[in-house]
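So the structure is just underneath, and the comments pick up after that.
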Amino acid sequence: MAIELTNEQKNAVYGKGTILVYAAAGSGKTAVLSKRVIERVCDANDKATIDRLLIVTFTNASALEMRTRIAKELDIKAAENPGNTYILKQKLLLKNAKICTIDSFCIDLVRKNFGVLGISPDFAVATKADTAYLSERAIKSVLSRHFKNPDDDFINLCDSFNIYTNDLGLSEAITDIYDAGLCMSKPHKWFSDILDSYSNYNIKENLFADIIFNDALSKIELIKEQFNLIIREAVNVEHSEKIIASFSEAIEYVQMMIDAASFKEWDRLYELSCNYKTPYTPQQKQWSNQELYLKVKAIKEKCKKSVDSIKSNLQGTEVQFIEQLKLAEKQIKILIGLVREYSEEYYNLLIQNNILSFGHVEQLALKLLCTEKDGELLPSE
């Protein structure tokens, strides 16, 4: 029995070009994708045979279900169009269709192109035990070289991680940065981008300053909303004039903080956060509505903590921030250097043992599928 599609599902099935669909579990994603595949295969204006499509799923079970559903859809099409040899051909080609997990696709692609990549075709995918062992060997090799001939920057980095009593901190930092980079389309460019983030001393363009300003802005805007809420609810309480006047004045002050954060005025925002004063409210005994008093008190305390956190993130003046950035830049430079050394050492050990982690398989697959031009990744020929 045919399933009646919703309007959203119809858009996903019949939409042209690139379609991005967000759908919850059990919402019919597999059924919809199966129908979209059939529509693509049977498109009178732009047919694509089933063996020319790449259909990726999360699990092998999902891949099997997808193949089964497509087979059923082809059976329906064949019944509706008896004697159509093209549809019958698609049924035969289905067994060769690339319906698989991303893991299977990448591994198969890399194996078929081993010569281009300069690797052995019979490589194995590394287990967790394999990667843990070879990673430890690689990190020890890298660090031991620097311990033999340490320079001042390396010594300072070791001091920061207290490596002389526990070297795990530095080792974990190196491997964590490396693992994060392996998830990027261009790992080594990502490493360079990290360095660039520390070498940009323009406060209005610096990545870390931008994070601090955006965090401050979201907190301050929430404070303003909370203070407006108090004004609305304090209209009919005792001493309402004083409460409203106090919070109105506070909102004006908070608006100056919003402006400073919006225009990325570091010193101005720091000064305002240092001089922030909690708005006045009468003592508890003067409130007949104790529930409202406790609500206002909680809001005031929460807002004060938010301002304190903004001040803590700023830590000081713009000049002081730049000085801290320059000190950090030296350590980040040596840290990224260690990551690059570890990357080469670790990969060589994997190749020597004829194994690859899936992260490396993905990178090799990406190398086959894409070519870089003017810093951008483009589909390869």
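All residue names refer to the structure tokens as shown: chains lettered A, B, ... in order, residues numbered from 1 in each chain, ligands numbered from 1 in order.
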Practice task
Using DSSP on the backbone, list every residue of range 180-271 of chain A that comes out as alpha helix (DSSP H), and give them as number ranges by chain.
Solution key: A: 180-182, 187-199, 207-233, 240-262, 266-271
Using only C-alpha atoms, what does the table of range 292-369 of chain A residues within 12 Å of range 211-227 of chain A look like, with each row giving the shortest atom pair and its distance in Å to one decimal, sorted by chain and ascending number, as JSON lines?
```
{"residue": "A:Lys295", "atom": "CA", "partner": "A:Gln226", "partner_atom": "CA", "distance": 10.6}
{"residue": "A:Val296", "atom": "CA", "partner": "A:Phe227", "partner_atom": "CA", "distance": 9.0}
{"residue": "A:Lys297", "atom": "CA", "partner": "A:Phe227", "partner_atom": "CA", "distance": 11.4}
{"residue": "A:Ala298", "atom": "CA", "partner": "A:Gln226", "partner_atom": "CA", "distance": 10.6}
{"residue": "A:Ile299", "atom": "CA", "partner": "A:Gln226", "partner_atom": "CA", "distance": 7.0}
{"residue": "A:Lys300", "atom": "CA", "partner": "A:Phe227", "partner_atom": "CA", "distance": 8.5}
{"residue": "A:Glu301", "atom": "CA", "partner": "A:Ile223", "partner_atom": "CA", "distance": 10.8}
{"residue": "A:Lys302", "atom": "CA", "partner": "A:Ile223", "partner_atom": "CA", "distance": 8.7}
{"residue": "A:Cys303", "atom": "CA", "partner": "A:Ile223", "partner_atom": "CA", "distance": 5.8}
{"residue": "A:Lys304", "atom": "CA", "partner": "A:Ile223", "partner_atom": "CA", "distance": 9.0}
{"residue": "A:Lys305", "atom": "CA", "partner": "A:Lys219", "partner_atom": "CA", "distance": 10.1}
{"residue": "A:Ser306", "atom": "CA", "partner": "A:Lys219", "partner_atom": "CA", "distance": 6.4}
{"residue": "A:Val307", "atom": "CA", "partner": "A:Ile220", "partner_atom": "CA", "distance": 7.6}
{"residue": "A:Asp308", "atom": "CA", "partner": "A:Ala216", "partner_atom": "CA", "distance": 10.4}
{"residue": "A:Ser309", "atom": "CA", "partner": "A:Ala216", "partner_atom": "CA", "distance": 8.6}
{"residue": "A:Ile310", "atom": "CA", "partner": "A:Ala216", "partner_atom": "CA", "distance": 5.7}
{"residue": "A:Lys311", "atom": "CA", "partner": "A:Ala216", "partner_atom": "CA", "distance": 9.1}
{"residue": "A:Ser312", "atom": "CA", "partner": "A:Ile212", "partner_atom": "CA", "distance": 10.3}
{"residue": "A:Asn313", "atom": "CA", "partner": "A:Ile212", "partner_atom": "CA", "distance": 6.7}
{"residue": "A:Leu314", "atom": "CA", "partner": "A:Ile212", "partner_atom": "CA", "distance": 7.3}
{"residue": "A:Gln315", "atom": "CA", "partner": "A:Ile212", "partner_atom": "CA", "distance": 10.7}
{"residue": "A:Phe321", "atom": "CA", "partner": "A:Ile212", "partner_atom": "CA", "distance": 11.4}
```
Practice task
Fewer than 3 positions away in the same chain doesn't count, so skip those; otherwise give me all residues within 10 Å of Ile107 in chain A, counting only C-alpha atoms, as a ChimeraX atom specification.
Solution key: /A:102-104,110-112,123-125,356,358,361-362,364-365
Saved selection, atoms kept: N, CA and C atoms, as a tab-separated table (two decimals), in the first residue's frame:
```
chain	number	residue	atom	x	y	z
A	102	ILE	N	29.33	5.70	5.44
A	102	ILE	CA	30.44	6.56	5.03
A	102	ILE	C	31.77	5.85	5.23
A	103	ASP	N	31.84	5.00	6.26
A	103	ASP	CA	33.06	4.22	6.51
A	103	ASP	C	33.38	3.33	5.31
A	104	SER	N	32.37	2.56	4.89
A	104	SER	CA	32.57	1.62	3.79
A	104	SER	C	32.95	2.34	2.51
A	110	VAL	N	39.54	4.46	-1.09
A	110	VAL	CA	40.98	4.52	-0.84
A	110	VAL	C	41.68	3.26	-1.33
A	111	ARG	N	41.06	2.11	-1.10
A	111	ARG	CA	41.66	0.85	-1.58
A	111	ARG	C	41.78	0.84	-3.11
A	112	LYS	N	40.75	1.32	-3.79
A	112	LYS	CA	40.76	1.30	-5.26
A	112	LYS	C	41.78	2.27	-5.84
A	123	PHE	N	45.77	-2.51	3.36
A	123	PHE	CA	45.85	-1.93	4.70
A	123	PHE	C	44.64	-2.37	5.54
A	124	ALA	N	44.84	-2.38	6.85
A	124	ALA	CA	43.74	-2.69	7.77
A	124	ALA	C	43.33	-1.41	8.48
A	125	VAL	N	42.07	-1.35	8.88
A	125	VAL	CA	41.60	-0.21	9.66
A	125	VAL	C	42.02	-0.43	11.11
A	356	LEU	N	45.58	2.06	9.06
A	356	LEU	CA	45.16	3.46	9.02
A	356	LEU	C	43.97	3.64	9.96
A	358	PHE	N	40.46	5.50	10.94
A	358	PHE	CA	39.42	5.93	10.02
A	358	PHE	C	39.55	7.41	9.70
A	361	VAL	N	41.76	7.56	6.83
A	361	VAL	CA	41.06	7.08	5.64
A	361	VAL	C	40.18	8.19	5.07
A	362	GLU	N	39.48	8.91	5.96
A	362	GLU	CA	38.64	10.03	5.52
A	362	GLU	C	39.46	11.10	4.82
A	364	LEU	N	42.32	10.75	3.28
A	364	LEU	CA	42.79	10.25	1.98
A	364	LEU	C	41.65	10.24	0.96
A	365	ALA	N	40.46	9.89	1.41
A	365	ALA	CA	39.29	9.91	0.52
A	365	ALA	C	39.01	11.34	0.06
```
Handout entry: Residues within 8 Å of Val32 in chain A, only C-alpha atoms, excluding chain neighbours under 6 positions, as number ranges by chain
Key = A: 9, 12-13
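Using only C-alpha atoms, the smallest distance between any of A:Ile38, A:Glu205, A:Ser62, A:Glu8 and Asp75 in chain A comes from A:Ile38.
Counting only C-alpha atoms, the residue from A:Tyr342, A:Tyr198, A:Tyr347, A:Phe191 that sits nearest to Leu143 in chain A is A:Tyr342.
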Practice task
Choose the residue, out of A:Lys140, A:Gly118, A:Glu39, A:Asp196, that has the smallest atom-to-atom separation from Glu341 in chain A; count only C-alpha atoms.
Solution key: A:Lys140
Problem - Polymer residues at most 12 Å from Asn236 in chain A, only C-alpha atoms, same-chain spacing of 4 or more positions, as a list in words - result: Ile230, Ile231, Arg232, Ser240, Glu241, Ile243, Ile244, Trp287, Ser288, Asn289 and Leu292 of chain A
Problem - Atom pair CA of Arg268 in chain A / CA of Ala209 in chain A: separation (Å) - result: 13.8 Å
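Comparing the minimum interatomic distances between Lys189 in chain A and each of A:Ala23, A:Leu170, A:Ile336, A:Cys42, counting only C-alpha atoms, we find that A:Ile336 sits nearest.
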Practice task
Go ahead and compute the interatomic distance for CA of Pro121 in chain A and CA of Asn354 in chain A, in Å to one decimal.
Solution key: 9.2 Å
Exercise for the section: Pick out the closest residue to Ile174 in chain A from this set: A:Ala129, A:Ile332, A:Leu207, A:Ile70. Count only C-alpha atoms. Expected result: A:Ile332
Practice task
Might you pull out every residue within 12 Å of Lys89 in chain A, with only C-alpha atoms counted and same-chain residues fewer than 6 positions away left off, and present them as an MDAnalysis selection string?
Solution key: chainID A and resid 41:42 49:51 71 74:75 78 83 95:96
Handout entry: Gap from CA of Arg69 in chain A to CA of Lys91 in chain A - Å, one decimal
Key = 12.0 Å
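For range 146-376 of chain A, a DSSP pass over the backbone yields strand (DSSP E or B) at Ile355, Leu356, Cys370, Thr371, Glu372, Lys373 and Glu376 of chain A.
Using only C-alpha atoms, the protein and nucleic acid residues lying no more than 12 Å from Phe58 in chain A, apart from those fewer than 5 places from it along its own chain, are Thr30, Ala63, Leu64, Glu65, Met66, Ile99, Cys100, Thr101, Ile102, Asp103, Ser104 and Phe105 of chain A.
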Selected residues, N, CA, C and O atoms, written as a PDB file, in the first residue's frame, please.
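Done, and the output landed in result27.pdb:
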```
ATOM      1  N   THR A  30      13.964   7.318   5.672  1.00  0.00           N
ATOM      2  CA  THR A  30      14.385   6.273   4.735  1.00  0.00           C
ATOM      3  C   THR A  30      13.401   6.128   3.582  1.00  0.00           C
ATOM      4  O   THR A  30      13.801   6.016   2.418  1.00  0.00           O
ATOM      5  N   ALA A  63      21.607   0.771   5.586  1.00  0.00           N
ATOM      6  CA  ALA A  63      21.957   0.587   4.173  1.00  0.00           C
ATOM      7  C   ALA A  63      21.162  -0.565   3.572  1.00  0.00           C
ATOM      8  O   ALA A  63      20.662  -0.471   2.440  1.00  0.00           O
ATOM      9  N   LEU A  64      21.029  -1.647   4.341  1.00  0.00           N
ATOM     10  CA  LEU A  64      20.257  -2.801   3.866  1.00  0.00           C
ATOM     11  C   LEU A  64      18.787  -2.431   3.705  1.00  0.00           C
ATOM     12  O   LEU A  64      18.150  -2.801   2.701  1.00  0.00           O
ATOM     13  N   GLU A  65      18.263  -1.689   4.679  1.00  0.00           N
ATOM     14  CA  GLU A  65      16.868  -1.258   4.595  1.00  0.00           C
ATOM     15  C   GLU A  65      16.656  -0.354   3.379  1.00  0.00           C
ATOM     16  O   GLU A  65      15.644  -0.477   2.677  1.00  0.00           O
ATOM     17  N   MET A  66      17.606   0.537   3.142  1.00  0.00           N
ATOM     18  CA  MET A  66      17.501   1.445   2.004  1.00  0.00           C
ATOM     19  C   MET A  66      17.486   0.665   0.688  1.00  0.00           C
ATOM     20  O   MET A  66      16.665   0.929  -0.206  1.00  0.00           O
ATOM     21  N   ILE A  99      25.264   1.833  -1.986  1.00  0.00           N
ATOM     22  CA  ILE A  99      24.407   2.143  -0.842  1.00  0.00           C
ATOM     23  C   ILE A  99      25.119   1.587   0.384  1.00  0.00           C
ATOM     24  O   ILE A  99      25.157   0.377   0.591  1.00  0.00           O
ATOM     25  N   CYS A 100      25.739   2.451   1.153  1.00  0.00           N
ATOM     26  CA  CYS A 100      26.637   1.982   2.212  1.00  0.00           C
ATOM     27  C   CYS A 100      26.829   3.048   3.281  1.00  0.00           C
ATOM     28  O   CYS A 100      26.307   4.157   3.166  1.00  0.00           O
ATOM     29  N   THR A 101      27.604   2.713   4.305  1.00  0.00           N
ATOM     30  CA  THR A 101      27.962   3.695   5.324  1.00  0.00           C
ATOM     31  C   THR A 101      29.108   4.552   4.800  1.00  0.00           C
ATOM     32  O   THR A 101      29.802   4.170   3.847  1.00  0.00           O
ATOM     33  N   ILE A 102      29.330   5.699   5.436  1.00  0.00           N
ATOM     34  CA  ILE A 102      30.442   6.561   5.031  1.00  0.00           C
ATOM     35  C   ILE A 102      31.773   5.846   5.231  1.00  0.00           C
ATOM     36  O   ILE A 102      32.711   6.011   4.442  1.00  0.00           O
ATOM     37  N   ASP A 103      31.841   4.998   6.256  1.00  0.00           N
ATOM     38  CA  ASP A 103      33.061   4.219   6.510  1.00  0.00           C
ATOM     39  C   ASP A 103      33.377   3.328   5.312  1.00  0.00           C
ATOM     40  O   ASP A 103      34.497   3.328   4.786  1.00  0.00           O
ATOM     41  N   SER A 104      32.369   2.565   4.893  1.00  0.00           N
ATOM     42  CA  SER A 104      32.568   1.624   3.787  1.00  0.00           C
ATOM     43  C   SER A 104      32.946   2.341   2.505  1.00  0.00           C
ATOM     44  O   SER A 104      33.825   1.899   1.756  1.00  0.00           O
ATOM     45  N   PHE A 105      32.281   3.465   2.238  1.00  0.00           N
ATOM     46  CA  PHE A 105      32.561   4.212   1.017  1.00  0.00           C
ATOM     47  C   PHE A 105      34.009   4.702   0.984  1.00  0.00           C
ATOM     48  O   PHE A 105      34.714   4.535  -0.012  1.00  0.00           O
TER      49      PHE A 105
END
```
